[in-house]
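Chemist: What follows is the file input.txt, containing compact mmCIF, C-alpha atoms:
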```txt
# COMPACT_ATOMS: atom_id res chain seq x y z
CA MET A 1226 -60.61 18.08 -0.90
CA LYS A 1227 -59.69 21.69 -1.68
CA ARG A 1228 -57.35 21.73 1.31
CA LEU A 1229 -55.69 18.55 0.10
CA ILE A 1230 -55.07 20.04 -3.35
CA VAL A 1231 -53.63 23.20 -1.78
CA ALA A 1232 -51.40 21.12 0.49
CA ILE A 1233 -50.11 19.03 -2.42
CA ALA A 1234 -49.47 22.16 -4.50
CA ALA A 1235 -47.57 23.74 -1.61
CA PHE A 1236 -45.53 20.58 -1.16
CA VAL A 1237 -44.64 20.46 -4.87
CA LEU A 1238 -43.67 24.14 -4.81
CA LEU A 1239 -41.52 23.56 -1.74
CA LEU A 1240 -39.78 20.60 -3.39
CA ASN A 1241 -39.17 22.64 -6.51
CA ALA A 1242 -37.67 25.51 -4.55
CA HIS A 1243 -35.39 23.12 -2.65
CA ALA A 1244 -34.23 21.47 -5.87
CA SER A 1245 -33.40 24.78 -7.53
CA ALA A 1246 -31.49 25.91 -4.43
CA ALA A 1247 -29.46 22.70 -4.47
CA GLY A 1248 -28.75 23.18 -8.17
CA ALA A 1249 -27.53 26.71 -7.60
CA HIS A 1250 -25.26 25.47 -4.82
CA ALA A 1251 -23.83 22.75 -7.08
CA GLN A 1252 -23.25 25.29 -9.83
CA SER A 1253 -21.38 27.58 -7.45
CA THR A 1254 -19.11 24.68 -6.45
CA GLN A 1255 -18.46 23.97 -10.13
CA SER A 1256 -17.73 27.58 -10.95
CA ALA A 1257 -15.32 27.68 -8.01
CA ALA A 1258 -13.06 25.44 -10.11
CA LYS A 1259 -11.07 28.07 -11.99
CA LYS A 1260 -9.18 27.71 -15.21
CA ALA A 1261 -5.48 26.93 -14.97
CA SER A 1262 -2.61 27.01 -17.40
CA ALA A 1263 -0.63 24.32 -15.60
CA ILE A 1264 -1.23 21.25 -13.49
CA GLN A 1265 1.19 19.45 -11.22
CA VAL A 1266 0.62 15.76 -10.57
CA LEU A 1267 1.83 14.49 -7.22
CA MET A 1268 2.82 10.89 -6.68
CA ILE A 1269 -0.13 8.65 -5.87
CA GLN A 1270 -0.26 7.93 -2.15
CA SER A 1271 -1.34 4.56 -0.78
CA ASP A 1272 -0.90 4.74 2.97
CA GLU A 1273 -4.09 2.87 3.85
CA ILE A 1274 -3.92 0.29 1.08
CA LYS A 1275 -0.95 -1.90 0.27
CA LEU A 1276 -0.54 -1.17 -3.42
CA PRO A 1277 2.16 -2.98 -5.44
CA PRO A 1278 4.84 -0.50 -6.63
CA GLU A 1279 4.18 -1.25 -10.29
CA PHE A 1280 0.54 -0.17 -9.87
CA GLN A 1281 1.59 3.04 -8.11
CA ILE A 1282 4.03 3.96 -10.88
CA SER A 1283 1.60 2.93 -13.58
CA LEU A 1284 -1.13 5.15 -12.06
CA TYR A 1285 1.24 8.11 -11.93
CA GLU A 1286 2.72 7.69 -15.40
CA ASN A 1287 -0.62 6.95 -17.07
CA LEU A 1288 -2.11 10.02 -15.40
CA ILE A 1289 0.66 12.23 -16.75
CA GLN A 1290 0.41 10.68 -20.22
CA GLN A 1291 -3.35 11.17 -20.37
CA LEU A 1292 -3.16 14.77 -19.13
CA GLU A 1293 -0.51 15.56 -21.76
CA LYS A 1294 -2.57 13.79 -24.42
CA HIS A 1295 -5.71 15.82 -23.68
CA GLY A 1296 -3.71 19.07 -23.68
CA GLY A 1297 -5.10 22.35 -22.39
CA PHE A 1298 -2.38 22.93 -19.82
CA HIS A 1299 1.25 22.29 -19.07
CA VAL A 1300 1.80 19.19 -16.97
CA TYR A 1301 4.41 19.23 -14.22
CA ARG A 1302 5.59 16.16 -12.39
CA ASP A 1303 5.96 15.69 -8.66
CA GLY A 1304 8.91 17.72 -7.37
CA ASP A 1305 9.49 19.68 -10.59
CA ARG A 1306 11.13 22.97 -9.57
CA ASN A 1307 9.78 24.75 -12.67
CA ALA A 1308 6.23 24.43 -11.35
CA ALA A 1309 6.94 27.18 -8.82
CA ASN A 1310 7.18 29.71 -11.66
CA SER A 1311 3.70 28.92 -12.95
CA ALA A 1312 1.18 31.60 -11.96
CA ASP A 1313 -2.12 29.71 -12.10
CA LEU A 1314 -1.17 26.20 -11.12
CA VAL A 1315 -3.46 23.50 -9.80
CA VAL A 1316 -2.05 20.53 -7.96
CA LEU A 1317 -3.59 17.09 -8.29
CA HIS A 1318 -3.37 14.94 -5.16
CA SER A 1319 -4.43 11.30 -5.26
CA THR A 1320 -4.85 8.71 -2.54
CA VAL A 1321 -5.72 5.08 -3.16
CA ARG A 1322 -8.83 4.11 -1.19
CA GLY A 1323 -9.44 0.63 -2.55
CA PHE A 1324 -7.57 -1.97 -4.53
CA LYS A 1325 -8.50 -5.45 -5.66
CA LYS A 1326 -5.95 -7.29 -7.74
CA GLY A 1327 -7.81 -9.66 -10.00
CA SER A 1328 -6.45 -12.32 -12.29
CA GLU A 1329 -5.98 -12.01 -16.03
CA LEU A 1330 -6.21 -15.80 -16.32
CA GLN A 1331 -9.57 -15.88 -14.53
CA ARG A 1332 -10.90 -13.06 -16.70
CA GLN A 1333 -9.89 -14.79 -19.91
CA VAL A 1334 -11.15 -18.22 -18.90
CA THR A 1335 -14.40 -17.32 -17.12
CA THR A 1336 -15.24 -13.83 -18.54
CA VAL A 1337 -17.09 -12.90 -15.33
CA ALA A 1338 -14.47 -13.41 -12.61
CA GLY A 1339 -11.07 -11.89 -11.91
CA LYS A 1340 -11.90 -8.19 -12.10
CA THR A 1341 -9.14 -5.77 -11.11
CA SER A 1342 -10.30 -2.48 -9.61
CA ILE A 1343 -8.75 0.57 -8.02
CA LYS A 1344 -10.56 3.35 -6.19
CA VAL A 1345 -8.71 6.64 -5.92
CA HIS A 1346 -9.70 9.81 -4.09
CA CYS A 1347 -8.52 12.83 -6.10
CA TRP A 1348 -8.50 16.45 -5.04
CA PHE A 1349 -7.21 19.57 -6.71
CA THR A 1350 -5.68 22.47 -4.80
CA ASP A 1351 -4.83 25.94 -6.02
CA SER A 1352 -1.62 27.87 -5.36
CA SER A 1353 -2.88 28.91 -1.90
CA GLY A 1354 -3.41 25.27 -0.97
CA ALA A 1355 -7.20 25.47 -0.88
CA THR A 1356 -9.12 22.52 -2.28
CA VAL A 1357 -11.04 23.56 -5.39
CA LEU A 1358 -12.41 20.19 -6.46
CA GLU A 1359 -12.46 16.68 -5.09
CA ARG A 1360 -13.85 13.48 -6.49
CA ASP A 1361 -13.64 9.70 -6.08
CA LEU A 1362 -12.65 7.93 -9.28
CA ASP A 1363 -12.18 4.29 -10.10
CA GLY A 1364 -10.31 2.26 -12.64
CA LYS A 1365 -11.14 -1.30 -13.58
CA VAL A 1366 -10.38 -4.01 -16.05
CA LEU A 1367 -13.22 -6.44 -16.60
CA PHE A 1368 -12.19 -8.60 -19.53
CA LEU A 1369 -9.44 -7.64 -21.95
CA GLY A 1370 -5.94 -6.65 -20.88
CA GLY A 1371 -3.56 -7.12 -18.00
CA ASN A 1372 -4.12 -5.95 -14.43
CA LEU A 1373 -2.24 -2.70 -15.02
CA ARG A 1374 -4.89 -1.67 -17.53
CA ALA A 1375 -7.04 -0.62 -14.56
CA THR A 1376 -4.57 2.22 -13.99
CA PHE A 1377 -5.07 3.37 -17.59
CA ASP A 1378 -8.84 3.39 -17.07
CA PHE A 1379 -8.46 5.54 -13.96
CA ALA A 1380 -6.02 7.90 -15.72
CA LYS A 1381 -8.46 8.52 -18.57
CA LYS A 1382 -11.21 9.48 -16.12
CA ALA A 1383 -8.94 11.69 -14.02
CA ALA A 1384 -7.57 13.48 -17.09
CA LYS A 1385 -11.11 14.13 -18.33
CA LEU A 1386 -12.11 15.49 -14.92
CA ALA A 1387 -9.10 17.81 -14.85
CA HIS A 1388 -9.62 18.92 -18.40
CA ASP A 1389 -13.35 19.58 -18.01
CA ASN A 1390 -12.83 21.67 -14.89
CA PHE A 1391 -9.55 23.49 -15.35
CA ALA A 1392 -8.43 23.57 -18.99
CA ALA A 1393 -9.05 26.75 -20.94
CA THR A 1394 -10.24 24.74 -23.96
CA GLN A 1395 -13.04 22.30 -23.20
CA MET A 1396 -12.70 18.72 -24.34
CA SER A 1397 -15.30 17.26 -26.69
CA GLY A 1398 -16.50 13.75 -25.80
CA SER A 1399 -14.57 11.34 -23.58
CA MET B 25 33.55 -35.73 12.01
CA LYS B 26 36.47 -33.44 11.22
CA LEU B 27 36.74 -35.02 7.77
CA PHE B 28 33.02 -34.30 7.25
CA LEU B 29 33.43 -30.66 8.18
CA MET B 30 36.55 -30.19 6.08
CA ARG B 31 35.45 -31.91 2.86
CA VAL B 32 31.76 -32.63 2.72
CA PHE B 33 30.31 -29.52 4.35
CA PRO B 34 31.93 -27.04 1.90
CA GLY B 35 30.67 -29.24 -0.92
CA VAL B 36 27.14 -29.14 0.46
CA LEU B 37 27.38 -25.37 0.83
CA LEU B 38 28.51 -25.02 -2.76
CA LEU B 39 25.61 -27.14 -3.94
CA LEU B 40 23.14 -25.13 -1.86
CA PHE B 41 24.32 -21.76 -3.13
CA ASN B 42 24.94 -22.92 -6.67
CA PRO B 43 21.99 -20.97 -8.16
CA LEU B 44 23.29 -17.73 -6.64
CA VAL B 45 26.78 -18.34 -7.97
CA LEU B 46 25.46 -19.14 -11.44
CA SER B 47 23.22 -16.08 -11.62
CA SER B 48 25.96 -13.74 -10.51
CA VAL B 49 28.26 -15.18 -13.13
CA ALA B 50 25.55 -15.06 -15.79
CA GLN B 51 24.72 -11.38 -15.35
CA GLN B 52 27.51 -8.84 -15.45
CA PRO B 53 27.40 -5.06 -15.84
CA GLY B 54 27.33 -4.15 -19.51
CA GLU B 55 25.41 -7.27 -20.49
CA ASN B 56 22.12 -6.89 -22.33
CA VAL B 57 18.88 -8.18 -20.85
CA GLY B 58 15.90 -8.51 -23.17
CA VAL B 59 13.01 -6.56 -21.65
CA VAL B 60 9.68 -5.00 -22.53
CA HIS B 61 9.26 -1.38 -21.53
CA VAL B 62 5.74 -1.24 -20.07
CA ILE B 63 5.53 2.47 -19.32
CA GLY B 64 7.46 5.47 -18.05
CA LEU B 65 10.69 6.11 -19.92
CA ALA B 66 10.74 9.53 -21.57
CA GLY B 67 10.68 9.26 -25.36
CA VAL B 68 9.98 5.53 -25.40
CA LYS B 69 6.57 4.19 -26.35
CA PRO B 70 4.78 1.81 -24.00
CA LYS B 71 5.16 -1.92 -24.73
CA THR B 72 8.42 -1.39 -26.61
CA LYS B 73 10.73 -4.40 -26.76
CA GLY B 74 14.39 -3.68 -26.22
CA ASN B 75 17.49 -4.34 -24.18
CA LEU B 76 18.44 -3.08 -20.78
CA LYS B 77 22.03 -2.81 -19.70
CA ILE B 78 24.11 -1.16 -17.03
CA GLU B 79 27.06 0.80 -18.37
CA ASP B 80 29.04 3.90 -17.36
CA GLY B 81 26.92 4.43 -14.26
CA LYS B 82 23.73 4.48 -16.32
CA LEU B 83 20.80 2.17 -16.82
CA GLN B 84 20.45 2.12 -20.59
CA PHE B 85 17.41 1.01 -22.55
CA SER B 86 17.85 0.55 -26.27
CA ALA B 87 15.29 -0.53 -28.83
CA SER B 88 15.55 -0.60 -32.61
CA LYS B 89 14.54 3.06 -32.97
CA THR B 90 14.82 4.60 -29.53
CA LYS B 91 17.30 4.90 -26.71
CA ALA B 92 16.96 6.18 -23.18
CA ASP B 93 19.19 6.19 -20.16
CA VAL B 94 18.90 6.96 -16.50
CA GLU B 95 21.72 7.85 -14.10
CA ILE B 96 21.92 5.05 -11.56
CA THR B 97 22.65 7.50 -8.74
CA SER B 98 19.34 9.24 -9.47
CA LEU B 99 17.38 6.03 -8.88
CA GLN B 100 15.37 6.56 -5.71
CA ASP B 101 13.66 3.21 -5.69
CA VAL B 102 14.20 -0.11 -7.41
CA VAL B 103 11.62 -2.82 -6.79
CA THR B 104 11.12 -6.22 -8.38
CA GLY B 105 7.94 -8.23 -8.74
CA ASN B 106 6.48 -11.04 -10.75
CA ASP B 107 3.61 -11.54 -13.13
CA SER B 108 2.48 -13.84 -15.89
CA GLN B 109 1.28 -13.45 -19.45
CA ARG B 110 -0.36 -15.51 -22.15
CA VAL B 111 1.89 -17.56 -24.37
CA PHE B 112 -0.34 -16.62 -27.33
CA ARG B 113 -0.61 -12.84 -27.26
CA GLY B 114 -0.71 -9.88 -29.65
CA THR B 115 -2.80 -10.18 -32.80
CA ILE B 116 -2.71 -13.98 -32.75
CA GLY B 117 -3.75 -13.92 -29.11
CA THR B 118 -6.74 -11.73 -29.89
CA LEU B 119 -7.74 -13.95 -32.81
CA THR B 120 -7.67 -17.03 -30.58
CA MET B 121 -10.45 -15.41 -28.53
CA PHE B 122 -12.79 -16.17 -31.43
CA ALA B 123 -11.77 -19.81 -31.66
CA PRO B 124 -14.78 -22.15 -31.48
CA TYR B 125 -15.71 -24.41 -28.57
CA GLY B 126 -13.85 -22.26 -26.04
CA GLY B 127 -10.52 -22.86 -27.71
CA GLY B 128 -9.36 -19.33 -26.89
CA ARG B 129 -10.16 -19.80 -23.23
CA PHE B 130 -8.27 -23.07 -23.22
CA LEU B 131 -5.23 -21.40 -24.80
CA SER B 132 -5.38 -18.71 -22.10
CA LEU B 133 -4.35 -21.40 -19.63
CA PHE B 134 -0.90 -21.53 -21.22
CA ARG B 135 1.05 -18.78 -19.56
CA THR B 136 4.65 -17.78 -19.04
CA LYS B 137 5.96 -16.27 -15.84
CA LEU B 138 7.91 -13.05 -15.94
CA ASP B 139 9.69 -10.64 -13.65
CA THR B 140 8.91 -6.95 -13.33
CA LEU B 141 11.39 -4.23 -12.49
CA THR B 142 9.96 -0.93 -11.27
CA ILE B 143 12.19 2.12 -10.90
CA GLN B 144 11.64 5.64 -9.60
CA TYR B 145 14.06 8.45 -10.39
CA ARG B 146 14.30 12.23 -10.47
CA ASN B 147 15.60 14.25 -13.40
CA SER B 148 17.82 17.34 -13.20
CA ASP B 149 14.76 19.55 -12.42
CA GLY B 150 13.78 17.31 -9.54
CA ALA B 151 10.76 15.91 -11.40
CA LEU B 152 9.78 12.42 -10.35
CA HIS B 153 9.65 9.73 -13.03
CA GLY B 154 8.79 6.07 -12.86
CA ALA B 155 9.31 3.20 -15.27
CA ILE B 156 8.23 -0.43 -15.43
CA PHE B 157 9.94 -3.23 -17.33
CA THR B 158 9.07 -6.88 -17.72
CA MET B 159 11.74 -9.49 -18.34
CA PRO B 160 12.40 -13.24 -18.14
CA VAL B 161 12.20 -14.87 -14.72
CA GLY B 162 15.30 -14.43 -12.57
CA LYS B 163 16.69 -11.39 -14.37
CA ALA B 164 15.05 -8.66 -12.29
CA ASP B 165 16.68 -9.58 -9.00
CA THR B 166 20.10 -9.72 -10.63
CA LEU B 167 19.59 -6.33 -12.26
CA LYS B 168 18.41 -4.90 -8.96
CA ASN B 169 21.50 -6.21 -7.20
CA LEU B 170 23.74 -4.62 -9.81
CA LEU B 171 21.89 -1.30 -9.56
CA LEU B 172 22.09 -1.28 -5.78
CA ALA B 173 25.79 -2.04 -5.95
CA GLN B 174 26.29 1.05 -8.12
CA GLY B 175 24.46 3.48 -5.87
CA ALA B 176 20.74 3.02 -6.51
CA HIS B 177 18.35 3.02 -3.57
CA THR B 178 15.49 0.74 -2.67
CA SER B 179 12.59 1.04 -0.28
CA ILE B 180 12.20 -2.72 -0.09
CA PRO B 181 15.09 -5.05 0.73
CA MET B 182 15.60 -7.99 -1.62
CA HIS B 183 13.96 -10.71 0.48
CA SER B 184 10.67 -8.84 0.93
CA ASP B 185 10.16 -7.86 -2.73
CA SER B 186 8.11 -10.93 -3.52
CA ALA B 187 5.91 -10.36 -0.48
CA ILE B 188 5.02 -6.88 -1.75
CA SER B 189 4.28 -7.91 -5.31
CA ASN B 190 2.19 -10.84 -4.13
CA PRO B 191 0.21 -9.55 -1.19
CA ARG B 192 -1.86 -12.15 0.62
CA PRO B 193 -5.42 -12.48 -0.67
CA ASP B 194 -6.92 -10.85 2.44
CA GLU B 195 -4.61 -7.84 2.01
CA SER B 196 -5.47 -7.34 -1.63
CA LYS B 197 -9.18 -7.20 -0.94
CA GLU B 198 -10.85 -3.91 -1.44
CA LYS B 199 -11.21 -1.87 1.70
CA LYS B 200 -14.79 -0.96 2.44
CA PRO B 201 -15.42 2.55 3.74
```
Would you kindly transcribe this structure into structure tokens?
Modeler:
Amino acid sequence: MKRLIVAIAAFVLLLNAHASAAGAHAQSTQSAAKKASAIQVLMIQSDEIKLPPEFQISLYENLIQQLEKHGGFHVYRDGDRNAANSADLVVLHSTVRGFKKGSELQRQVTTVAGKTSIKVHCWFTDSSGATVLERDLDGKVLFLGGNLRATFDFAKKAAKLAHDNFAATQMSGS
Amino acid sequence: MKLFLMRVFPGVLLLLFNPLVLSSVAQQPGENVGVVHVIGLAGVKPKTKGNLKIEDGKLQFSASKTKADVEITSLQDVVTGNDSQRVFRGTIGTLTMFAPYGGGRFLSLFRTKLDTLTIQYRNSDGALHGAIFTMPVGKADTLKNLLLAQGAHTSIPMHSDSAISNPRPDESKEKKP
């Protein structure tokens, strides 16, 4: 019985140590994301998925609008020559990994069907080209609004992610 | 047979291509097209109603309070598509959602088709911009033709535009990792 208690205690201690090590590792990854004064948004790529052009443009423009709205850094567009002058610049790359075009009519008539969803893989690189943060984000519209509203949902999440990790002033709430 | 070829065949051809002739006559450079700016134009709020016209080598959008223009030669991509929207929309449309006995859902069945025009362009700094407009059916293709004629570029030729905006159901399905 005594041996069993000792074994359980050792197991719990081992688990605890493993969890704290994992936490420390996660924290180091988070702290690797440095603060930046400017962000450059590259055009959303959709090589694997056939994305309608209006969705691609809407993703890009909504992303820029949301980043500008949240503030915290200067936002440069894809190809902007002025971005080269920025000292601490992070570049946001996005690739569409999944897309399901729903139907606004189905959503309004049935409430439960017709969902539109987009899955986007985002990663941030610093001026040396090294990846400092990467995350999968999604955008969806379940009931109210047109199909393009899914791009707005994604843009809000991406802007919050960028702001929380790179902006000098932290954002309060979502 | 010769009489058929000389008189009837040209007549049949004219009848067949009548819609094309009419649309090209209907839309000329400098003519206003009523559109809704969905997103993208600098200094113009999303969902702004206005007019789009092609004049002096520029694509000009004008609303009651705002104006914006884009050099046609800077247009890197012009793509058309189609969509639909509720007949009853805006505040009234939202209020109909609360109609009893599923009245709002029933009204959702009444929809109007519309065309979308998506453009991509670069400004003087090389920054990439995009803009989306919606407009009455049949106007987008005509506008695209006019833009292409004046030096705009497109990644998708005219005949395959509809195929891109309406991908087959199996293509639009989400890709599983």
Chemist: Would you compute the distance between atom CA of A:Val1366 and atom CA of A:Thr1336? Give it in Å to one decimal.
Modeler: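 About the pair atom CA of A:Val1366 and atom CA of A:Thr1336: they are 11.2 Å apart.
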Chemist: Excluding stretch 1320-1331 of chain A and its own-chain neighbours fewer than 4 positions away, which residues fall within 8 Å of it when counting only C-alpha atoms? Please give them as a compact mmCIF listing (two decimals) with C-alpha atoms, in the coordinates of the input.
Modeler:
```txt
# COMPACT_ATOMS: atom_id res chain seq x y z
CA ILE A 1269 -0.13 8.65 -5.87
CA GLN A 1270 -0.26 7.93 -2.15
CA SER A 1271 -1.34 4.56 -0.78
CA ASP A 1272 -0.90 4.74 2.97
CA GLU A 1273 -4.09 2.87 3.85
CA ILE A 1274 -3.92 0.29 1.08
CA LEU A 1276 -0.54 -1.17 -3.42
CA THR A 1335 -14.40 -17.32 -17.12
CA THR A 1336 -15.24 -13.83 -18.54
CA ALA A 1338 -14.47 -13.41 -12.61
CA GLY A 1339 -11.07 -11.89 -11.91
CA LYS A 1340 -11.90 -8.19 -12.10
CA THR A 1341 -9.14 -5.77 -11.11
CA SER A 1342 -10.30 -2.48 -9.61
CA ILE A 1343 -8.75 0.57 -8.02
CA LYS A 1344 -10.56 3.35 -6.19
CA VAL A 1345 -8.71 6.64 -5.92
CA HIS A 1346 -9.70 9.81 -4.09
CA CYS A 1347 -8.52 12.83 -6.10
CA PHE A 1368 -12.19 -8.60 -19.53
CA GLY A 1370 -5.94 -6.65 -20.88
CA GLY A 1371 -3.56 -7.12 -18.00
CA ASN A 1372 -4.12 -5.95 -14.43
CA SER B 132 -5.38 -18.71 -22.10
CA LEU B 133 -4.35 -21.40 -19.63
CA SER B 196 -5.47 -7.34 -1.63
CA LYS B 197 -9.18 -7.20 -0.94
CA GLU B 198 -10.85 -3.91 -1.44
CA LYS B 199 -11.21 -1.87 1.70
CA LYS B 200 -14.79 -0.96 2.44
```
Chemist: Could you name the residues that touch B:Ser86 at 7 Å or less, counting only C-alpha atoms, but leaving out those on the same chain fewer than 4 positions away, as JSON, numbers by chain?
Modeler: {"B": [74, 75, 76, 90, 91, 92]}
Chemist: Write out the residues from the selection above, keeping C-alpha atoms, as a PDB file, keeping the file's coordinate frame.
Modeler:
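In the end it all went to out27.pdb:
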```
ATOM      1  CA  GLY B  74      14.390  -3.680 -26.220  1.00  0.00           C
ATOM      2  CA  ASN B  75      17.490  -4.340 -24.180  1.00  0.00           C
ATOM      3  CA  LEU B  76      18.440  -3.080 -20.780  1.00  0.00           C
ATOM      4  CA  THR B  90      14.820   4.600 -29.530  1.00  0.00           C
ATOM      5  CA  LYS B  91      17.300   4.900 -26.710  1.00  0.00           C
ATOM      6  CA  ALA B  92      16.960   6.180 -23.180  1.00  0.00           C
TER       7      ALA B  92
END
```
Chemist: Given a cut-off of 7 Å, which residues of chain A touch chain B, counting only C-alpha atoms, written out as a PyMOL selection string?
Modeler: chain A and resi 1277-1279+1282-1283+1286+1302-1306+1323-1326+1330+1333-1334
Chemist: For a test of reading the model, state the distance in Å between atom CA of A:Phe1377 and atom CA of A:Gln1290, rounded to one decimal.
Modeler: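 Separation of atom CA of A:Phe1377 and atom CA of A:Gln1290: 9.5 Å.
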Chemist: Rounded to one decimal, what separation in Å do you get between atom CA of A:Ala1383 and atom CA of B:Asn106?
Modeler: 27.7 Å
Chemist: Using all atoms listed in the file, can you tell me which of A:Leu1317, A:Ala1380, A:Leu1284, A:Ala1261 comes closest to A:His1299?
Modeler: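 Using all atoms listed in the file, A:His1299 sits closest to A:Ala1261.
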Chemist: With 4 Å on each side, where is the centre of the axis-aligned box around all listed atoms of stretch 110-121 of chain B, and how long are its edges in Å to one decimal, as lines of an AutoDock Vina configuration file?
Modeler:
```
center_x = -4.3
center_y = -13.7
center_z = -27.5
size_x = 20.3
size_y = 15.7
size_z = 18.7
```
Chemist: Residues within 12 Å of A:Ser1311, please, as number ranges by chain. Count all atoms listed in the file; anything in the same chain fewer than 6 positions from it doesn't count.
Modeler: A: 1261-1265, 1298-1301, 1305, 1351-1352
Chemist: Would you mind telling me which residue in B:Val94, B:Ala173, B:Val59, B:Val161 lies nearest to B:Lys137 when using all atoms listed in the file?
Modeler: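 Result for the nearest residue to B:Lys137: B:Val161.
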Chemist: So which one's closest to A:Trp1348, A:Asn1310, A:Val1266, A:Asp1378, A:Leu1292? Using only C-alpha atoms, please.
Modeler: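 Using only C-alpha atoms, A:Trp1348 sits closest to A:Val1266.
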Chemist: Pick out the closest residue to A:Lys1260 from this set: A:Gly1354, A:Val1315, A:Lys1385, A:Arg1360. Count all atoms listed in the file.
Modeler: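 The shortest atom-to-atom distance to A:Lys1260 comes from A:Val1315.
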Chemist: Considering all atoms listed in the file, return as a list in words whatever protein or nucleic-acid residues lie within 9 Å of stretch 176-178 of chain B, sequence-local ones (same chain, fewer than 2 positions apart) excluded.
Modeler: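 Within the cut-off, the hits are Ile96, Thr97, Ser98, Leu99, Gln100, Asp101, Val102, Val103, Ile143, Lys168, Leu170, Leu171, Leu172, Ala173, Gln174, Ile180, Pro181 and Met182 of chain B.
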Chemist: Kindly provide, as a ChimeraX atom specification, the polymer residues lying within 10 Å of (24.2, -1.3, -19.5), counting only C-alpha atoms and using the coordinates exactly as they appear in the file.
Modeler: /B:52-57,75-86,93,167
